[in-house]
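Just my_file_7.cif here, mmCIF, C-alpha atoms:
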```cif
data_my_file
loop_
_atom_site.label_atom_id
_atom_site.label_comp_id
_atom_site.auth_asym_id
_atom_site.auth_seq_id
_atom_site.Cartn_x
_atom_site.Cartn_y
_atom_site.Cartn_z
CA MET A 1 3.92 -20.31 -18.34
CA ASP A 2 3.89 -16.55 -18.30
CA ILE A 3 0.81 -14.46 -17.50
CA LEU A 4 1.87 -11.67 -19.88
CA GLU A 5 0.56 -12.05 -23.39
CA GLY A 6 2.33 -11.35 -26.67
CA SER A 7 1.49 -7.98 -28.13
CA ILE A 8 -0.14 -6.90 -31.37
CA ALA A 9 -2.07 -3.74 -32.16
CA VAL A 10 -5.69 -4.46 -33.11
CA ARG A 11 -6.97 -2.61 -36.15
CA GLY A 12 -10.45 -1.72 -37.30
CA ARG A 13 -13.23 -2.17 -34.80
CA GLY A 14 -11.79 -2.04 -31.28
CA LYS A 15 -8.59 -0.51 -32.62
CA ASN A 16 -7.74 1.00 -29.23
CA LYS A 17 -7.21 -2.48 -27.83
CA ARG A 18 -3.64 -3.72 -27.75
CA LYS A 19 -1.79 -6.89 -26.85
CA TRP A 20 1.59 -6.10 -25.37
CA ILE A 21 4.76 -8.06 -26.10
CA PRO A 22 7.34 -8.77 -23.34
CA VAL A 23 9.88 -6.20 -24.52
CA GLU A 24 7.20 -3.48 -24.37
CA ASP A 25 6.18 -4.53 -20.87
CA ASP A 26 9.82 -4.56 -19.79
CA GLU A 27 10.38 -1.01 -20.98
CA LEU A 28 7.07 0.20 -19.50
CA ILE A 29 7.81 -1.21 -16.05
CA LYS A 30 11.39 0.07 -16.12
CA ALA A 31 10.13 3.56 -17.01
CA LEU A 32 7.40 3.34 -14.37
CA VAL A 33 9.94 2.54 -11.63
CA ASP A 34 12.18 5.41 -12.72
CA VAL A 35 9.30 7.91 -12.80
CA SER A 36 8.02 6.71 -9.42
CA LEU A 37 11.40 7.66 -7.91
CA ASP A 38 11.35 11.11 -9.51
CA PRO A 39 9.89 13.74 -7.13
CA ARG A 40 8.87 15.82 -10.12
CA TRP A 41 6.29 13.20 -11.01
CA ARG A 42 5.48 11.55 -7.71
CA SER A 43 5.12 12.86 -4.19
CA ASP A 44 3.37 11.67 -1.03
CA GLY A 45 2.82 8.28 -2.66
CA SER A 46 0.77 9.63 -5.58
CA PHE A 47 1.65 10.22 -9.21
CA LYS A 48 1.15 13.69 -10.60
CA ASN A 49 -0.95 14.55 -13.63
CA GLY A 50 0.84 13.93 -16.89
CA TYR A 51 3.17 11.16 -15.70
CA THR A 52 1.81 8.75 -18.33
CA SER A 53 2.92 11.22 -21.00
CA VAL A 54 6.44 10.88 -19.61
CA LEU A 55 6.11 7.10 -19.89
CA GLU A 56 4.92 7.50 -23.47
CA ALA A 57 8.01 9.56 -24.30
CA ARG A 58 10.29 6.97 -22.68
CA LEU A 59 8.72 4.15 -24.70
CA ALA A 60 8.90 6.19 -27.91
CA GLU A 61 12.62 6.63 -27.27
CA LYS A 62 13.29 2.95 -26.53
CA LEU A 63 10.76 1.46 -28.97
CA PRO A 64 10.27 4.02 -31.75
CA ASP A 65 8.14 1.69 -33.91
CA SER A 66 5.72 0.64 -31.16
CA ARG A 67 3.37 3.64 -31.47
CA ILE A 68 2.28 3.25 -27.85
CA SER A 69 0.30 6.23 -26.55
CA ALA A 70 -0.44 7.32 -23.00
CA THR A 71 -4.18 7.11 -23.66
CA PRO A 72 -5.50 4.52 -23.99
CA HIS A 73 -2.57 2.07 -24.19
CA ILE A 74 -0.42 2.94 -21.16
CA ASP A 75 -3.41 3.86 -18.97
CA SER A 76 -5.03 0.51 -19.71
CA ARG A 77 -1.87 -1.53 -19.19
CA LEU A 78 -1.08 0.12 -15.87
CA ARG A 79 -4.64 -0.53 -14.65
CA TYR A 80 -4.16 -4.18 -15.52
CA PHE A 81 -0.82 -4.43 -13.70
CA LYS A 82 -2.11 -2.61 -10.62
CA THR A 83 -5.24 -4.79 -10.49
CA LYS A 84 -3.23 -8.00 -10.66
CA TYR A 85 -0.63 -6.74 -8.19
CA SER A 86 -3.41 -5.82 -5.73
CA ALA A 87 -4.95 -9.27 -6.17
CA LEU A 88 -1.59 -10.89 -5.38
CA GLU A 89 -1.11 -8.71 -2.31
CA GLN A 90 -4.57 -9.63 -1.07
CA MET A 91 -3.82 -13.34 -1.39
CA LEU A 92 -0.37 -13.06 0.19
CA ASN A 93 -1.95 -11.43 3.25
CA LYS A 94 -4.01 -14.58 3.80
CA SER A 95 -2.89 -17.84 5.36
CA GLY A 96 -1.95 -20.57 2.90
CA PHE A 97 -0.64 -18.27 0.14
CA THR A 98 3.10 -17.75 -0.42
CA TRP A 99 5.26 -16.20 -3.13
CA ASP A 100 7.91 -18.15 -5.05
CA PRO A 101 10.64 -15.56 -5.84
CA THR A 102 12.33 -17.92 -8.31
CA LYS A 103 9.31 -18.84 -10.40
CA LYS A 104 7.69 -15.45 -9.79
CA MET A 105 4.29 -16.96 -9.01
CA ILE A 106 1.81 -17.55 -6.22
CA GLN A 107 2.02 -20.85 -4.33
CA CYS A 108 -1.08 -22.40 -2.75
CA GLU A 109 -3.52 -25.29 -3.00
CA LYS A 110 -5.59 -25.06 -6.17
CA GLN A 111 -8.83 -25.61 -4.26
CA GLN A 112 -7.98 -22.73 -1.92
CA TYR A 113 -7.21 -20.51 -4.91
CA GLU A 114 -10.47 -21.34 -6.67
CA THR A 115 -12.44 -20.64 -3.48
CA HIS A 116 -10.69 -17.27 -3.13
CA CYS A 117 -11.50 -16.34 -6.75
CA LYS A 118 -15.23 -16.82 -6.20
CA ASN A 119 -15.33 -13.63 -4.12
CA ASN A 120 -12.26 -12.01 -5.70
CA PRO A 121 -12.54 -12.25 -9.50
CA ASP A 122 -9.48 -10.00 -10.04
CA ALA A 123 -7.33 -12.91 -8.84
CA LYS A 124 -8.35 -15.11 -11.76
CA GLY A 125 -5.57 -16.11 -14.12
CA LEU A 126 -2.80 -15.96 -11.51
CA TYR A 127 -2.58 -19.64 -10.57
CA GLY A 128 0.34 -21.57 -12.02
CA VAL A 129 1.55 -18.66 -14.16
CA SER A 130 4.48 -16.30 -13.75
CA PHE A 131 3.98 -12.63 -12.85
CA PRO A 132 7.50 -11.35 -13.51
CA TYR A 133 7.02 -7.74 -12.44
CA TYR A 134 5.84 -8.33 -8.87
CA ASP A 135 9.01 -6.90 -7.25
CA GLU A 136 8.99 -3.77 -9.38
CA LEU A 137 5.27 -3.14 -8.88
CA SER A 138 5.72 -3.65 -5.16
CA MET A 139 8.30 -0.89 -5.21
CA VAL A 140 5.82 1.38 -7.02
CA TYR A 141 2.44 0.47 -5.54
CA SER A 142 3.00 -1.04 -2.08
CA LYS A 143 2.67 2.36 -0.37
CA ASP A 144 -0.51 3.08 -2.35
CA MET A 145 -2.04 -0.12 -1.03
CA ALA A 146 -1.39 1.01 2.53
CA THR A 147 -2.30 4.68 2.20
CA GLY A 148 -4.70 4.76 -0.71
CA GLU A 149 -8.39 5.47 -0.82
CA GLY A 150 -10.22 3.70 1.99
CA ALA A 151 -7.25 3.62 4.34
CA GLU A 152 -7.94 5.35 7.64
CA ASP A 153 -5.19 6.68 9.87
CA MET A 154 -5.34 6.81 13.66
CA THR A 155 -6.39 10.46 13.82
CA ASP A 156 -9.27 9.88 11.40
CA ALA A 157 -10.39 6.85 13.39
CA VAL A 158 -10.42 8.84 16.62
CA GLN A 159 -12.33 11.70 15.02
CA ASN A 160 -14.91 9.30 13.57
CA LEU A 161 -15.27 7.62 16.97
CA GLU A 162 -15.84 10.95 18.68
CA GLU A 163 -18.47 11.96 16.11
CA GLU A 164 -20.20 8.61 16.51
CA LEU A 165 -20.28 9.02 20.31
CA VAL A 166 -21.88 12.44 19.94
CA ARG A 167 -24.62 10.98 17.76
CA VAL A 168 -25.13 8.02 20.12
CA ASN A 169 -25.30 10.31 23.16
CA ALA A 170 -27.85 12.57 21.50
CA ASN A 171 -30.04 9.65 20.44
CA ASP A 172 -29.77 7.90 23.81
CA GLU A 173 -30.64 11.12 25.64
CA GLU A 174 -33.87 11.34 23.67
CA ASP A 175 -34.54 7.63 24.23
CA GLY A 176 -33.92 8.04 27.95
CA GLU A 177 -36.40 10.88 28.20
CA HIS A 178 -38.97 8.89 26.24
CA MET A 179 -38.46 5.82 28.43
CA THR A 180 -38.86 7.84 31.62
CA SER A 181 -42.11 9.42 30.43
CA VAL A 182 -43.51 6.00 29.48
CA GLU A 183 -42.59 4.35 32.78
CA THR A 184 -43.98 7.16 34.95
CA PRO A 185 -47.36 8.10 33.43
CA ARG A 186 -48.66 9.55 36.70
CA ARG A 187 -46.22 12.48 36.61
CA SER A 188 -47.65 15.80 35.46
CA VAL A 189 -46.47 17.52 32.29
CA ASP A 190 -44.72 20.21 34.31
CA SER A 191 -42.97 17.62 36.46
CA THR A 192 -41.78 15.68 33.41
CA SER A 193 -40.48 18.84 31.74
CA SER A 194 -38.63 19.88 34.89
CA SER A 195 -37.13 16.41 35.25
CA SER A 196 -36.06 16.46 31.59
CA LYS A 197 -34.25 19.79 32.01
CA LYS A 198 -32.57 18.45 35.13
CA ARG A 199 -31.36 15.37 33.28
CA LYS A 200 -29.93 17.47 30.45
CA LYS A 201 -28.00 19.50 32.98
CA GLU A 202 -26.76 16.30 34.64
CA TRP A 203 -25.79 14.96 31.20
CA LYS A 204 -23.45 17.87 30.65
CA GLY A 205 -21.90 17.55 34.08
CA MET A 206 -21.57 13.76 33.95
CA LYS A 207 -21.10 13.71 37.73
CA THR A 208 -24.50 14.52 39.27
CA SER A 209 -26.68 11.53 40.06
CA SER A 210 -30.34 11.47 39.03
CA SER A 211 -33.45 9.70 40.26
CA ASP A 212 -33.28 7.39 37.24
CA PRO A 213 -30.84 4.45 37.85
CA LEU A 214 -30.79 3.54 34.16
CA LEU A 215 -29.76 7.07 33.24
CA ASP A 216 -27.06 7.05 35.93
CA VAL A 217 -25.56 3.85 34.50
CA PHE A 218 -25.66 5.24 30.98
CA ASN A 219 -24.04 8.48 32.09
CA GLU A 220 -21.24 6.56 33.76
CA VAL A 221 -20.60 4.40 30.69
CA SER A 222 -20.72 7.43 28.40
CA GLY A 223 -18.24 9.23 30.63
CA ASP A 224 -15.86 6.28 30.47
CA LEU A 225 -16.14 6.25 26.67
CA LYS A 226 -15.37 9.95 26.53
CA VAL A 227 -12.25 9.46 28.66
CA ALA A 228 -11.19 6.52 26.47
CA THR A 229 -11.69 8.60 23.34
CA MET A 230 -9.56 11.40 24.72
CA SER A 231 -6.85 8.87 25.61
CA ILE A 232 -6.92 7.41 22.11
CA GLY A 233 -6.66 10.91 20.66
CA LYS A 234 -3.58 11.64 22.77
CA MET A 235 -2.10 8.29 21.79
CA ALA A 236 -2.67 9.09 18.10
CA GLN A 237 -0.91 12.44 18.49
CA ALA A 238 2.00 10.74 20.24
CA MET A 239 2.24 8.16 17.46
CA ASP A 240 2.22 10.91 14.83
CA ARG A 241 5.03 12.73 16.64
CA GLU A 242 7.03 9.52 16.97
CA ALA A 243 6.61 8.78 13.25
CA SER A 244 7.70 12.32 12.41
CA ASN A 245 10.75 11.99 14.66
CA GLN A 246 11.68 8.66 13.08
CA GLU A 247 11.36 10.11 9.59
CA LYS A 248 13.52 13.05 10.58
CA ALA A 249 16.12 10.74 12.11
CA ARG A 250 16.08 8.60 8.98
CA ASP A 251 16.67 11.63 6.80
CA GLU A 252 19.64 12.59 8.96
CA ASP A 253 21.02 9.03 9.08
CA PRO A 254 24.34 8.93 7.12
CA GLN A 255 23.75 5.24 6.35
CA GLN A 256 20.41 6.09 4.75
CA LYS A 257 22.03 8.82 2.67
CA LEU A 258 24.68 6.33 1.53
CA ARG A 259 21.96 3.85 0.52
CA GLU A 260 20.16 6.51 -1.51
CA LYS A 261 23.42 7.49 -3.17
CA ALA A 262 24.14 3.85 -4.02
CA ILE A 263 20.66 3.29 -5.48
CA ASN A 264 21.00 6.41 -7.62
CA GLU A 265 24.38 5.19 -8.85
CA ILE A 266 22.92 1.81 -9.88
CA ARG A 267 20.11 3.56 -11.73
CA ARG A 268 22.68 5.73 -13.48
CA LEU A 269 24.42 2.56 -14.62
CA GLU A 270 21.12 1.60 -16.32
CA PHE A 271 20.25 -1.55 -14.41
CA THR A 272 16.64 -2.73 -14.59
CA GLY A 273 14.14 -1.98 -11.85
CA SER A 274 14.28 -5.60 -10.67
CA GLU A 275 18.07 -5.48 -10.47
CA VAL A 276 17.93 -2.21 -8.52
CA ILE A 277 15.60 -3.84 -5.97
CA LYS A 278 17.83 -6.91 -5.63
CA ALA A 279 20.91 -4.71 -5.16
CA ALA A 280 19.10 -2.70 -2.50
CA GLY A 281 18.41 -5.95 -0.64
CA VAL A 282 22.11 -6.82 -0.72
CA PHE A 283 23.03 -3.37 0.60
CA VAL A 284 20.68 -3.79 3.55
CA ARG A 285 22.21 -7.16 4.37
CA MET A 286 25.83 -6.18 3.63
CA PRO A 287 26.29 -2.38 3.99
CA ASP A 288 30.04 -2.65 3.28
CA GLN A 289 29.20 -3.35 -0.37
CA MET A 290 28.11 0.29 -0.76
CA GLY A 291 31.43 1.62 0.48
CA MET A 292 33.30 -0.71 -1.87
CA LEU A 293 31.13 0.42 -4.79
CA PHE A 294 32.15 4.06 -4.41
CA ALA A 295 35.74 3.13 -3.68
CA LEU A 296 36.06 1.67 -7.17
CA PRO A 297 36.73 3.78 -10.27
CA GLU A 298 33.56 4.54 -12.20
CA PRO A 299 34.41 2.28 -15.20
CA LEU A 300 34.53 -0.76 -12.85
CA ARG A 301 31.35 -0.12 -10.90
CA ARG A 302 28.95 -1.76 -13.32
CA GLU A 303 31.03 -4.95 -13.41
CA TYR A 304 31.12 -4.91 -9.61
CA ILE A 305 27.31 -4.75 -9.37
CA VAL A 306 26.92 -7.50 -11.97
CA ASP A 307 29.19 -9.80 -9.93
CA MET A 308 27.36 -8.88 -6.73
CA LEU A 309 23.96 -9.74 -8.24
CA ARG A 310 25.33 -13.00 -9.64
CA ASP A 311 26.59 -13.99 -6.18
CA GLU A 312 23.24 -13.04 -4.68
CA ALA A 313 21.36 -15.18 -7.22
CA ALA A 314 23.63 -18.14 -6.41
CA ARG A 315 23.05 -17.63 -2.68
CA ARG A 316 19.28 -17.66 -3.14
CA GLU A 317 19.47 -20.76 -5.29
CA ARG A 318 21.41 -22.57 -2.56
CA GLU A 319 18.80 -21.53 0.01
CA VAL A 320 16.00 -22.90 -2.15
CA LYS A 321 17.84 -26.23 -2.56
CA VAL A 322 18.34 -26.48 1.20
CA LYS A 323 14.64 -25.85 1.83
CA VAL A 324 13.73 -28.55 -0.69
CA LEU A 325 16.03 -31.04 1.02
CA VAL A 326 14.60 -30.20 4.44
#
```
Write the structure described by the file as structure tokens, please.
Amino acid sequence: MDILEGSIAVRGRGKNKRKWIPVEDDELIKALVDVSLDPRWRSDGSFKNGYTSVLEARLAEKLPDSRISATPHIDSRLRYFKTKYSALEQMLNKSGFTWDPTKKMIQCEKQQYETHCKNNPDAKGLYGVSFPYYDELSMVYSKDMATGEGAEDMTDAVQNLEEELVRVNANDEEDGEHMTSVETPRRSVDSTSSSSKKRKKEWKGMKTSSSDPLLDVFNEVSGDLKVATMSIGKMAQAMDREASNQEKARDEDPQQKLREKAINEIRRLEFTGSEVIKAAGVFVRMPDQMGMLFALPEPLRREYIVDMLRDEAARREREVKVKVLV
């Protein structure tokens, strides 16, 4: 069973609603993958304004009689795909859920799935049905899931921690003064005021002891937290530098450049997004295939990739049979 419905345009009331047919979904996803790899329409993991108009033009070229428009048809369909992809990712990050790459569907106990859906209604409709575009959508949206709205990097976390400590220190300083005045009612107003000023001065220094043991303990703990925060901040900066260095090294890596060249060549040969992803997996496992690809004359390259993907499919099928036997 396939999760994707057949497609018919609804007329009259609710005319903006549309049921998509498989060939339309195929062309939409293929165009989406292509546009996601185009720096003119996507950068830093985010699509630029107007990219759905590009998708509309692609579909009009491939399916001239479909009359699919960017708004509302493509916008709505992409929201649906992204919602279902996110629901799958959420399940696959939990124990007991696995992905069947052959059947293109989630694998788990039905009871576990139904329990998950009670708190995650977006996951409904994904049990026992195929979701054929998971690989392509992963290529497009996986980075968004990691860096999208709500994701907090190390630097942000450190900054938020520091701000929280400032608020806690300010509140605890006031609480400490209030506690001292309550516990020592016999002190005069002048004495209390003088003691309060002294404590504020000690608070800034973090090293001078006071006559209040509770305040001394709090000062010590607060000082340790401040040192820890500074250490985390330095660690975050070091991690950022390391990530930048790795990215720079990757950009300068000749093997990486060869992989990018090979992927672009496969796209030029008009393979589908799913086939591009599968070929990329083969290149990672067997880098010599890339060299052989460019060693061949251009008219033979497509046939070479077709044979390579056929061998890869056969290899995966053998692996599945072995797992079943085990």
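If only C-alpha atoms are the atoms counted, then among A:Arg302, A:Arg58, A:Lys48, A:Lys19 the closest residue to A:Leu32 is A:Arg58.
The list of residues with at least one atom within 7 Å of stretch 269-284 of chain A, based on only C-alpha atoms and without residues fewer than 4 positions apart in the same chain, reads Lys30, Val33, Asp135, Glu136, Ile263, Glu265, Gln289, Met290, Arg302 and Leu309 of chain A.
For the atom pair formed by atom CA of A:Val35 and atom CA of A:Arg259, the distance is 18.8 Å, given to one decimal.
For the pair atom CA of A:Arg315 and atom CA of A:Thr98, the interatomic distance is 20.1 Å.
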Would you mind reading off the distance between atom CA of A:Gln237 and atom CA of A:Glu89, one decimal, in Å?
-> 29.7 Å
Residues in the PyMOL selection byres ((chain A and resi 66) around 12), expressed as number ranges by chain = A: 7-9, 18-21, 23-25, 27-28, 56-65, 67-69, 73-74
Select stretch 273-293 of chain A in the preceding structure and write N, CA and C atoms to a file as a short mmCIF file (atom, residue, chain, number, x, y, z; two decimals), in the first residue's frame.
```cif
data_model
loop_
_atom_site.label_atom_id
_atom_site.label_comp_id
_atom_site.auth_asym_id
_atom_site.auth_seq_id
_atom_site.Cartn_x
_atom_site.Cartn_y
_atom_site.Cartn_z
N GLY A 273 16.16 11.91 -8.34
CA GLY A 273 16.79 12.27 -7.07
C GLY A 273 17.17 11.04 -6.26
N SER A 274 16.29 10.03 -6.24
CA SER A 274 16.57 8.80 -5.51
C SER A 274 17.79 8.09 -6.08
N GLU A 275 17.90 8.07 -7.40
CA GLU A 275 19.04 7.41 -8.04
C GLU A 275 20.33 8.17 -7.78
N VAL A 276 20.24 9.50 -7.72
CA VAL A 276 21.44 10.30 -7.40
C VAL A 276 21.94 9.95 -6.00
N ILE A 277 21.00 9.83 -5.05
CA ILE A 277 21.38 9.50 -3.67
C ILE A 277 22.01 8.11 -3.60
N LYS A 278 21.43 7.16 -4.28
CA LYS A 278 21.98 5.79 -4.27
C LYS A 278 23.37 5.76 -4.89
N ALA A 279 23.55 6.50 -5.98
CA ALA A 279 24.87 6.56 -6.62
C ALA A 279 25.90 7.20 -5.70
N ALA A 280 25.48 8.24 -4.97
CA ALA A 280 26.39 8.89 -4.03
C ALA A 280 26.84 7.91 -2.95
N GLY A 281 25.92 7.05 -2.51
CA GLY A 281 26.28 6.03 -1.52
C GLY A 281 27.32 5.05 -2.06
N VAL A 282 27.18 4.69 -3.32
CA VAL A 282 28.16 3.79 -3.95
C VAL A 282 29.52 4.48 -4.04
N PHE A 283 29.54 5.76 -4.39
CA PHE A 283 30.79 6.49 -4.52
C PHE A 283 31.53 6.57 -3.18
N VAL A 284 30.77 6.72 -2.10
CA VAL A 284 31.41 6.77 -0.78
C VAL A 284 32.04 5.43 -0.46
N ARG A 285 31.33 4.36 -0.81
CA ARG A 285 31.84 3.02 -0.50
C ARG A 285 32.93 2.57 -1.46
N MET A 286 32.81 2.97 -2.74
CA MET A 286 33.78 2.57 -3.75
C MET A 286 34.22 3.79 -4.57
N PRO A 287 35.14 4.59 -4.06
CA PRO A 287 35.55 5.83 -4.73
C PRO A 287 36.10 5.62 -6.14
N ASP A 288 36.64 4.42 -6.42
CA ASP A 288 37.20 4.18 -7.76
C ASP A 288 36.14 4.27 -8.85
N GLN A 289 34.87 4.09 -8.48
CA GLN A 289 33.80 4.17 -9.47
C GLN A 289 33.73 5.57 -10.10
N MET A 290 34.07 6.60 -9.31
CA MET A 290 34.03 7.96 -9.84
C MET A 290 35.09 8.16 -10.92
N GLY A 291 36.29 7.66 -10.65
CA GLY A 291 37.36 7.78 -11.63
C GLY A 291 37.02 7.06 -12.92
N MET A 292 36.40 5.87 -12.79
CA MET A 292 36.01 5.12 -13.97
C MET A 292 34.93 5.84 -14.76
N LEU A 293 34.01 6.50 -14.03
CA LEU A 293 32.94 7.24 -14.70
C LEU A 293 33.50 8.29 -15.66
#
```
